[in-house]
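Here the structure is laid out as structure tokens; the discussion comes afterwards.
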Amino acid sequence: MASPPLRMAIDVGGTFTDTVVVDQNNIVLASAKTLTTPANPADGAMEGAVRAMAAAGRRLDELTGFIHGTTLATNALIEKRGATVATVTTEGFRDILEIAYERRYAQYDINLEKPDLLVPRERCFTIRERMSAEGAVLIPLEEASVDALLDQVDSSGAEAVAICLIHAYANPVHELRLREILLERRPELTVSVSHEVSPEAREFDRLCTTLANAYIRPLMARYLVTFETQFAEAGLRCPILMMTAGGGMCTIATAAAFPIRLVESGPAGGAILAARIAAEAGLDRVLSFDVGGTTAKFCLIDDALPHTSRHFEIARAARFIKGSGIPVRIPVIEMIEIGAGGGSIAGVDRLGRLTVGPKSAGSEPGPVAFGRGGVEPTVTDADIALGYIAPDRFAEGRLHVDKPAAERALSRSVGDALDLGPVAAADGVSRIVDESMASAGRIHAAESGTDLGHRTMIAFGGNGPLHATRVARSAGVTRVVVPPNPGVGSAVGFLYAPVSFEIVRSRYTLLESADLAAVNELLQEMGDEAQAVVALGAAGAPVTVRRSAYMRYRGQGHEIEVDLPDHALHPSDVGPLVMAFEEAYRRQFSRPVPGMAIEILNWAVGVTTERSTVGDVPETPQLKPFPPAETRPIQCDLTGDTVTAAFVSRAEMGPGDHLPGPALIVEPQTTTLVSADFSAHVDGVGNLVLIRDQEGVRL
Amino acid sequence: MTELTPARLQVMWNRLLAVVEEQGQTLIRAAFSPIVRESGDISAGIFDVRGRMLAQAVTGTPGHINTMAEAVIHLMRHFPVSEMKPGEIYMTNDPWLAAGHLNDFLLLMPAFKDGRVVGFASCTSHLVDLGGLGMGPEGSDIFDEGLLIPPCKLVESGEPNPLLMSIVRANSREPVANEGDIYALIACCEAGVARLLEMMAEFRIDDLEPLAEYIIETSRKGSLAAIAEVPEGVYRNTLKVDGYEAPLELHATLTVTKDGMHVDFVGTSPCSGKGINVPLNYATAYTVFALRCVVGPDIPNNAGSLGVFTVDGPPGCILNAQPPAPVAMRHTLGQLTPDLVLGCLYQAVPDRIPAEGASCLYDIPMRHAPEVARNGGREFALELVHNGGTGARSHSDGLSATAYPSGVLGSQVEITEAVAPVVVWRRELRADSGGAGKFRGGLGQRIEMTSATDEPFIVFLSVERIVHPAEGRGGGAPGAKGRIRIAGASADAGGKGELRVEAGDRFIFETPGGGGFGDPSDRARDAVEADLRRGLVTPERARTDYGYEL
């Protein structure tokens with residue numbers, strides 16, 4: 001008889017590795033936070049696994065499921081630690097990377113440099129061949145010139161090759177043949193081809209995605225083998241599944257071939273967790289809010305599904321400016337990330353404006369109050385000066401917090417220039433950083449055609465619960481949920497991820513005159529391919545197939561994803577699809593534009609194992625006042641005055657316990673600030689629910 | 001603590017900046033015009049009740065920077081605040097009031113709080129087609145160029161004026177898109193007003209006056225401090241440009257005092273007979289943009305930061321065109337005014353000024369030949385957007401194939417070929433096109449294209465720097481000139497007018513390089529070697545331009 005499910009998730013982040021173990025009901029049995037070990041991240045993961053299993057009183061060989069997410073792929077791209085890559089493009093197109101979108105990412109900055117796209121022009125090569133947009137061969141692949149190409153690749157010192165031929169997404173035969181020849185002649189090379197990595201039109205984005213994949217592939221392949229071997233030797237018997245940026249899981253083999261899909265899997269885990277909480281709590285409009293030491297991330301979640309995108313940027317230059325990084329086109333959970341977190345540094349610019357971030361003191365040297373060499377005041381220092389972080393309880397008392405040092409730094413860097421005392425300076429820092437987080441959320445919502453007003457915020461990460469009510473107020477949000485174990489939210493989220501794979505492919509057509517037979521064939525191929533990948537990780541499991549088209553009015557830029565029916569498309573489907581598009585358009589822009597032709601460039605097929613259903617969620621009992629045993633003086637974030645706040649341990653609160661703000665609710669990895677205009681209660685599942693239900697200005 | 005501390009005022013300022021960005025994004029997403037989508041050719045702003053701009057979205061093109069601030073004042077003159085009613089939105093596309101050509105529509109909506117006007121939201125966007133001869137320099141006066149709508153009430157009691165909407169539809173080749181764009185503009189104004197009022201409620205303020213004073217004073221002081229770093233004086237510069245019928249001269253006199261910077265275009269050539277003339281509002285926008293790239297670029301645009309920069313020019317000169325001059329392609333020369341005025345500023349702060357660049361957008365509007373439509377062939381219309389190199393900086397090379405001063409997004413070949421019957425055979429940097437210098441100018445690019453069918457197509461050109469290249473500074477050499485031709489033809493095409501590309505013809509489009517900065521003989525040897533290794537400079541030119549021998 002099979003043993004009952006026992007699953008583990010490990011999230012290897014830049015500084016910490018988070019590990020959680022859950023039982024068959026996804027109840028957390030144990031968790032561990034260990035230091036990431038950059039030389040071999042599998043060591044830190046193993047330490048976390050051993051610790052968590054010991055705490056749970058179980059053995060590794062009892063595990064029935066194992067999910068791993070890692071920031072290694074992202075960090076290798078940011079820190080430029082990948083392979084030496086050469087690119088091969090169609091003759092006449094050597095400069096796809098140099099030319100890019102011909103744009104400067106900051107309009108007023110005449111001194112900027114374009115982003116470093118990892119492959120300098122001396123390693124950009126071409127081959128004679130050409131496909132048309134429809135996939136017809138205009139010039140056959142000139143195999144005779146491959147010798148010359150190989151000479152170039154050899155002398156460039158390249159370990160990996162990224163092939164991206166014009167319109168290869170429409171007909172891949174030249175890319176396939178070229179890879180075949182290259183591997184025949186140079187079996188030691190790693191070759192990534194664009195139609196497999198990212199089969200979408202737009203040669204610059206596709207090439208960037210392919211070369212980023214090639215860049216991290218040797219490193220990630222080695223890491224994944226080491227990781228798998230180390231855990232197998234330690235007794236792990238179940239297969240390891242990898243978390244992807246799209247919020248699904250894939251096998252180690254898929255991950256090793258397409259490591260670009262692993263980037264940003266940690267934040268994706270957080271969004272999955274928030275989506276799960278949304279489902280359990282019956283929240284249909286949610287904003288997830290994940291704040292760590294250096295960044296804040298938002299994700300919009302509708303009907304328990306995180307918004308997704310097919311495009312994001314890695315390794316943006318300072319200031320997180322759009323267009324300053326490497327564009328990557330893969331299915332991702334859509335998030336906005338800004339340089340504002342606990343470690344963000346505060347100062348005053350030459351106009352006398354208070355500024356916070358994006359420069360961060362990170363964990364080293366860290367905030368001034370931690371006494372590890374930090375000299376510039378951070379957001380965390382401001383929170384300490386305002387009384388929101390209790391020195392005696394922070395990090396379970398393991399870390400000394402020097403409040404006077406934080407106040408001195410705030411005076412020196414902020415207060416003196418603005419004629420403010422340390423506490424008023426801290427209040428200013430808090431207002432500025434909370435407003436900039438809220439602004440980022442609002443603008444992201446506007447870009448997505450929605451707004452934040454009616455959404456519930458789900459806050460987690462080390463600093464999310466601390467800033468949640470302040471940011472919520474600025475963003476016009478009146479309800480906040482803080483889940484259990486908010487400090488290890490991403491790892492918990494991994495455990496709710498399905499096995500899934502999504503493929504997006506380009507084929508341009510007008511909706512009304514589409515060649516439906518060809519489209520059906522394309523969708524069938526894509527579906528078979530995605531099914532095969534999912535079967536590797538979840539053989540025989542029931543799956544859901546979702547097919548969609550990205551539509552837009554002809555001439556317009558913004559695409560809207562419209563679901564396609566489950567059956568092969570038939571001319572009678574066109575009318576309903578037009579209506580579905582116009583309905584979606586009306587929701588976003590208040591009125592459709594009848595009579596305008598609709599065009600489609602991209603088609604998507606996602607195959608996913610069925611998500612575990614949400615069982616009966618215990619109802620929240622009748623609310624009853626929770627009497628705080630202790631109080632602390634804090635600065636009110638509404639009025640700036642010193643007020644007395646309730647000070648309670650989260651562990652002592654049970655379902656139905658209710659507490660008006662101002663209050664601090666403390667747990668091992670974080671603190672929740674309940675502002676004076678909010679009240680808090682614990683729901684039936686154990687979430688903290690904060691509701692903005694009072695004026696908050698008391699005498 | 002309901003008093004307005006600096007931190008609270010700054011939070012509100014940041015909020016206004018977020019509101020205008022949000023407005024801008026809403027507009028871009030709903031826009032139909034490709035130039036809006038690809039280049040963000042829009043703007044959105046929040047104004048106080050006196051018509052002073054408090055915040056403006058940073059969008060893709062600088063052409064709206066001062067124009068919007070001026071336009072709001074014009075509209076307020078036509079529609080006095082005392083007579084404004086809730087539910088009204090005012091509008092015009094008069095090039096001399098709005099943004100320099102007919103395609104730019106500008107809307108203004110008052111925000112009412114407790115029955116009185118407390119501020120305004122404004123926005124502007126480029127519409128696809130306003131009739132006339134369409135986007136091109138061929139018009140002989142403004143009447144050739146399409147429909148001009150003087151200041152009017154576009155929306156009254158919350159309802160768009162049906163007669164006005166039907167006039168706009170009736171005068172356009174793209175009536176549906178135009179209508180969609182106007183609704184997007186209305187939605188953008190409404191969003192701005194709603195957000196402004198929400199902010200005022202949240203911060204419990206009844207008027208914007210203290211906030212406006214804070215924003216304007218802080219920005220004005222910051223801008224003056226930045227100007228104070230530039231030596232006072234009078235600096236003159238002349239730019240020779242290709243023009244339409246004949247070469248032209250653009251003149252600028254920059255006067256720097258501790259109270260501000262003033263530019264006068266006195267001496268500039270008179271207007272052309274064709275639509276490359278520039279209304280002063282548009283020339284001002286690009287001029288001030290260029291100055292602000294050097295002087296206080298970190299200060300947001302508002303009445304305070306913009307007010308210390310003033311621009312004038314003799315009426316009738318090509319940078320102060322008067323009605324009824326044709327102005328459809330006002331950006332062709334407008335985009336060169338940064339090189340003109342930066343040439344003045346170079347004399348004051350030489351280390352902070354780049355060499356001249358390609359500057360003028362090398363866009364290629366193209367369409368099927370007229371007979372193709374008659375013969376039932378494939379019709380299409382497309383505007384490809386490309387750029388040359390930027391000028392070298394005093395400390396680093398120029399950027400290759402990169403837009404400046406505009407902020408457009410270049411086209412992708414795979415998208416072009418998906419939507420139009422053309423094949424692009426080459427799009428690569430032009431070796432040796434960057435002006436030689438201690439720091440090299442950015443390279444131009446070479447694009448080669450044929451019809452994908454047996455049908456001809458037509459390109460409509462309005463570009464500069466075919467005759468007059470981007471000059472270097474400090475001993476740097478000029479960049480390569482632009483060059484446009486049909487392969488094998490006996491003569492090159494000019495920079496302006498129509499060019500017919502027959503089936504089988506290969507259309508070759510080379511964009512200019514940027515100028516170099518500093519003496520080429522001072523270029524670091526390893527920089528020359530890197531250029532050689534990367535094929536950006538040929539061995540021959542490495543020898544002749546840089547004295548480099550292996």
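Every chain in the structure tokens has a letter given in the order shown (A, B, ...), and although residue numbers restart at 1 in each chain, ligands are simply numbered from 1 in the order shown.
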Write out as a PDB file with N, CA and C atoms, in the first residue's frame the residues lying within 8 Å of Ala420 of chain B, counting only C-alpha atoms and excluding same-chain residues fewer than 5 positions away.
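Contents of result_15.pdb, freshly written:
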ATOM      1  N   PHE B 380      -1.941  47.645 -48.923  1.00  0.00           N
ATOM      2  CA  PHE B 380      -1.397  47.746 -47.570  1.00  0.00           C
ATOM      3  C   PHE B 380      -0.915  49.167 -47.337  1.00  0.00           C
ATOM      4  N   ALA B 381      -0.777  49.527 -46.098  1.00  0.00           N
ATOM      5  CA  ALA B 381      -0.176  50.798 -45.708  1.00  0.00           C
ATOM      6  C   ALA B 381       0.579  50.535 -44.417  1.00  0.00           C
ATOM      7  N   LEU B 382       1.777  51.058 -44.357  1.00  0.00           N
ATOM      8  CA  LEU B 382       2.656  50.695 -43.252  1.00  0.00           C
ATOM      9  C   LEU B 382       3.637  51.825 -43.033  1.00  0.00           C
TER      10      LEU B 382
END
Item to complete: Would you mind listing what lies within 9 Å of Leu499 of chain B as a PyMOL selection string, with only C-alpha atoms counted and same-chain residues fewer than 4 positions away left out?
Response: chain B and resi 457-461+485+493
Run DSSP on the backbone and tell me which residues of segment 193-243 of chain A come out as strand (DSSP E); list them as a CSV table (one decimal) with N, CA and C atoms, in the first residue's frame.
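File produced: part-v1.csv:
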chain,number,residue,atom,x,y,z
A,193,VAL,N,18.0,26.4,-30.2
A,193,VAL,CA,17.4,26.9,-31.4
A,193,VAL,C,16.1,27.7,-31.1
A,240,ILE,N,12.1,14.7,-8.9
A,240,ILE,CA,12.2,16.1,-8.6
A,240,ILE,C,11.5,16.9,-9.7
A,241,LEU,N,10.6,17.7,-9.3
A,241,LEU,CA,10.0,18.6,-10.4
A,241,LEU,C,10.5,20.0,-10.1
A,242,MET,N,10.7,20.7,-11.2
A,242,MET,CA,11.2,22.1,-11.1
A,242,MET,C,10.1,23.1,-11.3
A,243,MET,N,10.1,24.2,-10.5
A,243,MET,CA,9.2,25.3,-10.6
A,243,MET,C,9.6,26.2,-11.8
Worksheet item: What is the atom CA of Thr210 of chain A-atom CA of Leu189 of chain A distance in Å, reported with one decimal?
Response: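 Computing the Euclidean distance for atom CA of Thr210 of chain A and atom CA of Leu189 of chain A yields 14.8 Å.
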What are the closest atom pairs, with distances in Å to one decimal, for all residues of chain A lying within 6 Å of chain B? Consider only C-alpha atoms, order rows by chain and residue number, and present the result as a tab-separated table.
residue	atom	partner	partner_atom	distance
A:Gly92	CA	B:Arg426	CA	4.2
A:Phe93	CA	B:Arg427	CA	5.6
A:Asp95	CA	B:Glu428	CA	5.3
A:Ile99	CA	B:Ala401	CA	5.7
A:Tyr101	CA	B:Gly410	CA	4.7
A:Glu102	CA	B:Thr402	CA	4.2
A:Arg103	CA	B:Thr402	CA	5.4
A:Tyr108	CA	B:Cys293	CA	4.9
A:Arg121	CA	B:Arg534	CA	5.3
A:Glu122	CA	B:Arg534	CA	4.7
A:Ala133	CA	B:Ala418	CA	5.6
A:Ala201	CA	B:Glu414	CA	5.8
A:Arg202	CA	B:Glu414	CA	5.5
A:Leu351	CA	B:Gly222	CA	5.4
A:Gly428	CA	B:Ala7	CA	5.1
A:Ile432	CA	B:Val11	CA	5.9
A:Ser439	CA	B:Ala18	CA	5.8
A:Ile443	CA	B:Glu22	CA	5.2
A:Ala446	CA	B:Glu22	CA	5.8
A:Glu447	CA	B:Gln25	CA	5.8
A:Gly555	CA	B:Phe32	CA	5.7
A:Gln556	CA	B:Phe32	CA	4.6
A:Gly557	CA	B:Arg37	CA	5.6
A:His558	CA	B:Arg29	CA	5.6
A:Thr639	CA	B:Met1	CA	4.8
For the residues selected in the previous step, produce a file with C-alpha atoms as a PDB file, in the first residue's frame.
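Final output, part.pdb:
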ATOM      1  CA  GLY A  92      21.884  40.193 -43.614  1.00  0.00           C
ATOM      2  CA  PHE A  93      20.830  40.150 -39.964  1.00  0.00           C
ATOM      3  CA  ASP A  95      22.990  43.143 -35.980  1.00  0.00           C
ATOM      4  CA  ILE A  99      19.995  47.413 -33.406  1.00  0.00           C
ATOM      5  CA  TYR A 101      14.385  48.340 -30.839  1.00  0.00           C
ATOM      6  CA  GLU A 102      16.485  51.431 -31.628  1.00  0.00           C
ATOM      7  CA  ARG A 103      15.399  52.973 -28.364  1.00  0.00           C
ATOM      8  CA  TYR A 108      16.378  62.432 -20.767  1.00  0.00           C
ATOM      9  CA  ARG A 121      29.312  41.612 -32.257  1.00  0.00           C
ATOM     10  CA  GLU A 122      32.502  39.592 -32.756  1.00  0.00           C
ATOM     11  CA  ALA A 133       6.744  34.995 -43.171  1.00  0.00           C
ATOM     12  CA  ALA A 201       7.650  36.460 -34.239  1.00  0.00           C
ATOM     13  CA  ARG A 202       9.910  39.462 -33.385  1.00  0.00           C
ATOM     14  CA  LEU A 351      16.201  69.492  -4.973  1.00  0.00           C
ATOM     15  CA  GLY A 428       8.796  60.710   5.741  1.00  0.00           C
ATOM     16  CA  ILE A 432       7.680  57.989   0.352  1.00  0.00           C
ATOM     17  CA  SER A 439       2.114  53.869  -7.377  1.00  0.00           C
ATOM     18  CA  ILE A 443       0.289  51.889 -12.784  1.00  0.00           C
ATOM     19  CA  ALA A 446      -3.727  50.614 -15.348  1.00  0.00           C
ATOM     20  CA  GLU A 447      -1.437  48.883 -17.838  1.00  0.00           C
ATOM     21  CA  GLY A 555      -3.424  48.544 -36.149  1.00  0.00           C
ATOM     22  CA  GLN A 556      -3.717  48.546 -32.385  1.00  0.00           C
ATOM     23  CA  GLY A 557      -0.890  47.502 -30.120  1.00  0.00           C
ATOM     24  CA  HIS A 558      -2.571  45.883 -27.186  1.00  0.00           C
ATOM     25  CA  THR A 639      -1.216  61.208  12.189  1.00  0.00           C
TER      26      THR A 639
END
Practice prompt. Would you list, as a PyMOL selection string, the residues of segment 199-383 of chain A that end up in helix (DSSP H, G or I) under DSSP run on this structure's backbone?
Written response: chain A and resi 203-233+252-257+259-262+265-281+318-320+368-370+379-383
Set the distance at 6 Å and use only C-alpha atoms: which residues neighbour segment 470-487 of chain A once local chain neighbours fewer than 2 positions away are removed? I'd like the list as a short mmCIF file (atom, residue, chain, number, x, y, z; two decimals) with N, CA and C atoms, in the first residue's frame.
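The result, written out as result_31.cif:
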data_model
loop_
_atom_site.label_atom_id
_atom_site.label_comp_id
_atom_site.auth_asym_id
_atom_site.auth_seq_id
_atom_site.Cartn_x
_atom_site.Cartn_y
_atom_site.Cartn_z
N ASP A 434 6.18 53.85 0.78
CA ASP A 434 4.87 53.22 0.66
C ASP A 434 4.12 53.79 -0.54
N ALA A 438 2.82 51.76 -3.81
CA ALA A 438 1.41 51.85 -4.21
C ALA A 438 1.30 52.36 -5.65
N GLY A 453 -8.90 49.38 -6.56
CA GLY A 453 -9.85 49.76 -5.53
C GLY A 453 -10.62 48.60 -4.92
N THR A 456 -8.51 42.68 -2.92
CA THR A 456 -7.96 42.32 -1.62
C THR A 456 -6.47 42.12 -1.80
N MET A 457 -5.69 42.71 -0.91
CA MET A 457 -4.24 42.51 -0.97
C MET A 457 -3.87 41.28 -0.16
N ILE A 458 -3.03 40.42 -0.73
CA ILE A 458 -2.49 39.29 0.03
C ILE A 458 -1.01 39.57 0.21
N ALA A 459 -0.60 39.78 1.47
CA ALA A 459 0.74 40.29 1.75
C ALA A 459 1.61 39.22 2.38
N PHE A 460 2.83 39.10 1.86
CA PHE A 460 3.78 38.14 2.44
C PHE A 460 5.18 38.57 2.10
N GLY A 461 6.17 37.70 2.35
CA GLY A 461 7.57 38.11 2.25
C GLY A 461 7.96 38.76 3.58
N GLY A 462 9.24 38.89 3.81
CA GLY A 462 9.71 39.38 5.11
C GLY A 462 9.15 40.74 5.49
N HIS A 467 4.34 46.44 5.81
CA HIS A 467 3.97 47.64 5.04
C HIS A 467 2.57 47.54 4.42
N ALA A 468 1.90 46.43 4.63
CA ALA A 468 0.65 46.16 3.90
C ALA A 468 -0.42 47.24 4.10
N GLY A 489 6.59 32.19 1.99
CA GLY A 489 5.41 32.08 1.12
C GLY A 489 5.69 31.42 -0.22
N GLN A 669 9.13 35.20 11.59
CA GLN A 669 9.86 35.79 10.49
C GLN A 669 9.40 37.19 10.08
N ASN A 687 -5.66 32.68 8.36
CA ASN A 687 -5.17 33.93 7.78
C ASN A 687 -5.48 35.09 8.73
N LEU A 688 -4.58 36.07 8.72
CA LEU A 688 -4.90 37.34 9.38
C LEU A 688 -5.62 38.19 8.35
N VAL A 689 -6.76 38.74 8.73
CA VAL A 689 -7.51 39.59 7.81
C VAL A 689 -7.53 41.00 8.38
N LEU A 690 -7.05 41.96 7.61
CA LEU A 690 -7.00 43.35 8.06
C LEU A 690 -8.00 44.15 7.23
N ILE A 691 -8.90 44.84 7.90
CA ILE A 691 -9.93 45.57 7.18
C ILE A 691 -9.88 47.04 7.57
N ARG A 692 -9.94 47.89 6.55
CA ARG A 692 -9.91 49.33 6.83
C ARG A 692 -11.34 49.76 7.12
#
Worksheet item: Neighbours of segment 512-518 of chain B within 7 Å (only C-alpha atoms; same-chain residues fewer than 4 positions away dropped), as a ChimeraX atom specification?
Response: /B:355-358,388-394,398,433-444,465,470-482
For the residues selected in the previous step, produce a file with N, CA and C atoms as a short mmCIF file (atom, residue, chain, number, x, y, z; two decimals), in the first residue's frame.
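The new file part.cif reads:
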data_model
loop_
_atom_site.label_atom_id
_atom_site.label_comp_id
_atom_site.auth_asym_id
_atom_site.auth_seq_id
_atom_site.Cartn_x
_atom_site.Cartn_y
_atom_site.Cartn_z
N ALA B 355 28.16 65.18 -29.71
CA ALA B 355 28.24 65.63 -31.10
C ALA B 355 26.86 65.51 -31.75
N GLU B 356 26.71 66.07 -32.93
CA GLU B 356 25.44 65.95 -33.65
C GLU B 356 25.17 64.49 -34.00
N GLY B 357 23.89 64.16 -34.07
CA GLY B 357 23.52 62.79 -34.44
C GLY B 357 22.67 62.79 -35.69
N ALA B 358 22.23 61.60 -36.09
CA ALA B 358 21.31 61.51 -37.23
C ALA B 358 20.05 62.32 -36.93
N GLY B 388 19.25 56.52 -37.36
CA GLY B 388 20.69 56.45 -37.58
C GLY B 388 21.41 56.43 -36.24
N GLY B 389 22.69 56.85 -36.27
CA GLY B 389 23.50 56.82 -35.05
C GLY B 389 23.37 58.12 -34.27
N THR B 390 23.60 58.04 -32.97
CA THR B 390 23.62 59.26 -32.17
C THR B 390 25.05 59.79 -32.12
N GLY B 391 25.18 61.06 -31.72
CA GLY B 391 26.49 61.68 -31.65
C GLY B 391 27.32 61.09 -30.52
N ALA B 392 28.66 61.08 -30.73
CA ALA B 392 29.54 60.62 -29.66
C ALA B 392 29.45 61.56 -28.47
N ARG B 393 29.63 61.04 -27.27
CA ARG B 393 29.68 61.84 -26.06
C ARG B 393 31.14 62.19 -25.75
N SER B 394 31.36 63.08 -24.82
CA SER B 394 32.72 63.51 -24.51
C SER B 394 33.51 62.41 -23.81
N GLY B 398 29.03 57.17 -29.48
CA GLY B 398 27.61 57.33 -29.74
C GLY B 398 26.93 55.97 -29.84
N SER B 433 30.34 54.19 -40.75
CA SER B 433 29.41 55.32 -40.85
C SER B 433 29.44 56.21 -39.60
N GLY B 434 30.01 55.71 -38.50
CA GLY B 434 30.11 56.54 -37.29
C GLY B 434 31.25 57.54 -37.47
N GLY B 435 31.00 58.82 -37.20
CA GLY B 435 32.03 59.84 -37.36
C GLY B 435 33.25 59.52 -36.50
N ALA B 436 34.45 59.64 -37.09
CA ALA B 436 35.67 59.32 -36.35
C ALA B 436 35.89 60.35 -35.26
N GLY B 437 36.52 59.93 -34.19
CA GLY B 437 36.81 60.84 -33.09
C GLY B 437 37.48 60.09 -31.97
N LYS B 438 37.92 60.84 -30.96
CA LYS B 438 38.43 60.17 -29.77
C LYS B 438 37.34 59.22 -29.29
N PHE B 439 36.11 59.72 -29.39
CA PHE B 439 34.95 58.85 -29.22
C PHE B 439 34.17 58.86 -30.52
N ARG B 440 33.83 57.68 -31.01
CA ARG B 440 33.23 57.51 -32.33
C ARG B 440 31.72 57.76 -32.28
N GLY B 441 31.20 58.32 -33.35
CA GLY B 441 29.75 58.47 -33.46
C GLY B 441 29.08 57.12 -33.62
N GLY B 442 27.80 57.04 -33.28
CA GLY B 442 27.04 55.80 -33.48
C GLY B 442 26.89 55.52 -34.97
N LEU B 443 26.76 54.23 -35.32
CA LEU B 443 26.66 53.85 -36.73
C LEU B 443 25.22 53.95 -37.22
N GLY B 444 25.09 54.24 -38.51
CA GLY B 444 23.80 54.13 -39.16
C GLY B 444 23.57 52.68 -39.57
N ARG B 465 19.63 65.06 -43.55
CA ARG B 465 21.02 64.57 -43.47
C ARG B 465 21.39 63.67 -44.66
N ALA B 470 25.74 64.77 -39.96
CA ALA B 470 25.86 65.13 -38.54
C ALA B 470 27.33 65.49 -38.28
N GLU B 471 27.55 66.71 -37.82
CA GLU B 471 28.94 67.16 -37.61
C GLU B 471 29.48 66.65 -36.28
N GLY B 472 30.80 66.52 -36.23
CA GLY B 472 31.45 66.15 -34.98
C GLY B 472 31.67 67.39 -34.11
N ARG B 473 32.19 67.18 -32.92
CA ARG B 473 32.57 68.31 -32.07
C ARG B 473 33.98 68.05 -31.54
N GLY B 474 34.65 69.14 -31.21
CA GLY B 474 35.97 69.05 -30.58
C GLY B 474 36.99 68.34 -31.45
N GLY B 475 36.87 68.47 -32.77
CA GLY B 475 37.83 67.81 -33.66
C GLY B 475 37.33 66.49 -34.19
N GLY B 476 36.15 66.07 -33.77
CA GLY B 476 35.58 64.83 -34.28
C GLY B 476 35.07 65.01 -35.71
N ALA B 477 35.08 63.92 -36.49
CA ALA B 477 34.66 63.98 -37.89
C ALA B 477 33.15 63.81 -38.01
N PRO B 478 32.55 64.28 -39.12
CA PRO B 478 31.12 64.06 -39.31
C PRO B 478 30.80 62.58 -39.51
N GLY B 479 29.56 62.21 -39.20
CA GLY B 479 29.09 60.86 -39.51
C GLY B 479 28.78 60.74 -40.99
N ALA B 480 28.58 59.50 -41.45
CA ALA B 480 28.21 59.30 -42.86
C ALA B 480 26.83 59.89 -43.10
N LYS B 481 26.63 60.42 -44.33
CA LYS B 481 25.31 60.93 -44.69
C LYS B 481 24.34 59.77 -44.91
N GLY B 482 23.07 60.08 -44.84
CA GLY B 482 22.06 59.11 -45.22
C GLY B 482 22.07 58.93 -46.73
#
Worksheet, complete the sentence: One residue among B:Thr450, B:Glu464, B:Ala527, B:Ile182 is nearest to Val501 of chain B when using only C-alpha atoms, and that residue is B:Thr450
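Non-sequential neighbours of Leu75 of chain B (distance at most 8 Å, separation of 2 or more positions within a chain, only C-alpha atoms) are B:Ala71, B:Val72, B:Ile73, B:Arg77, B:His78, B:Phe79, B:Tyr90, B:Met91, B:Leu108, B:Pro151.
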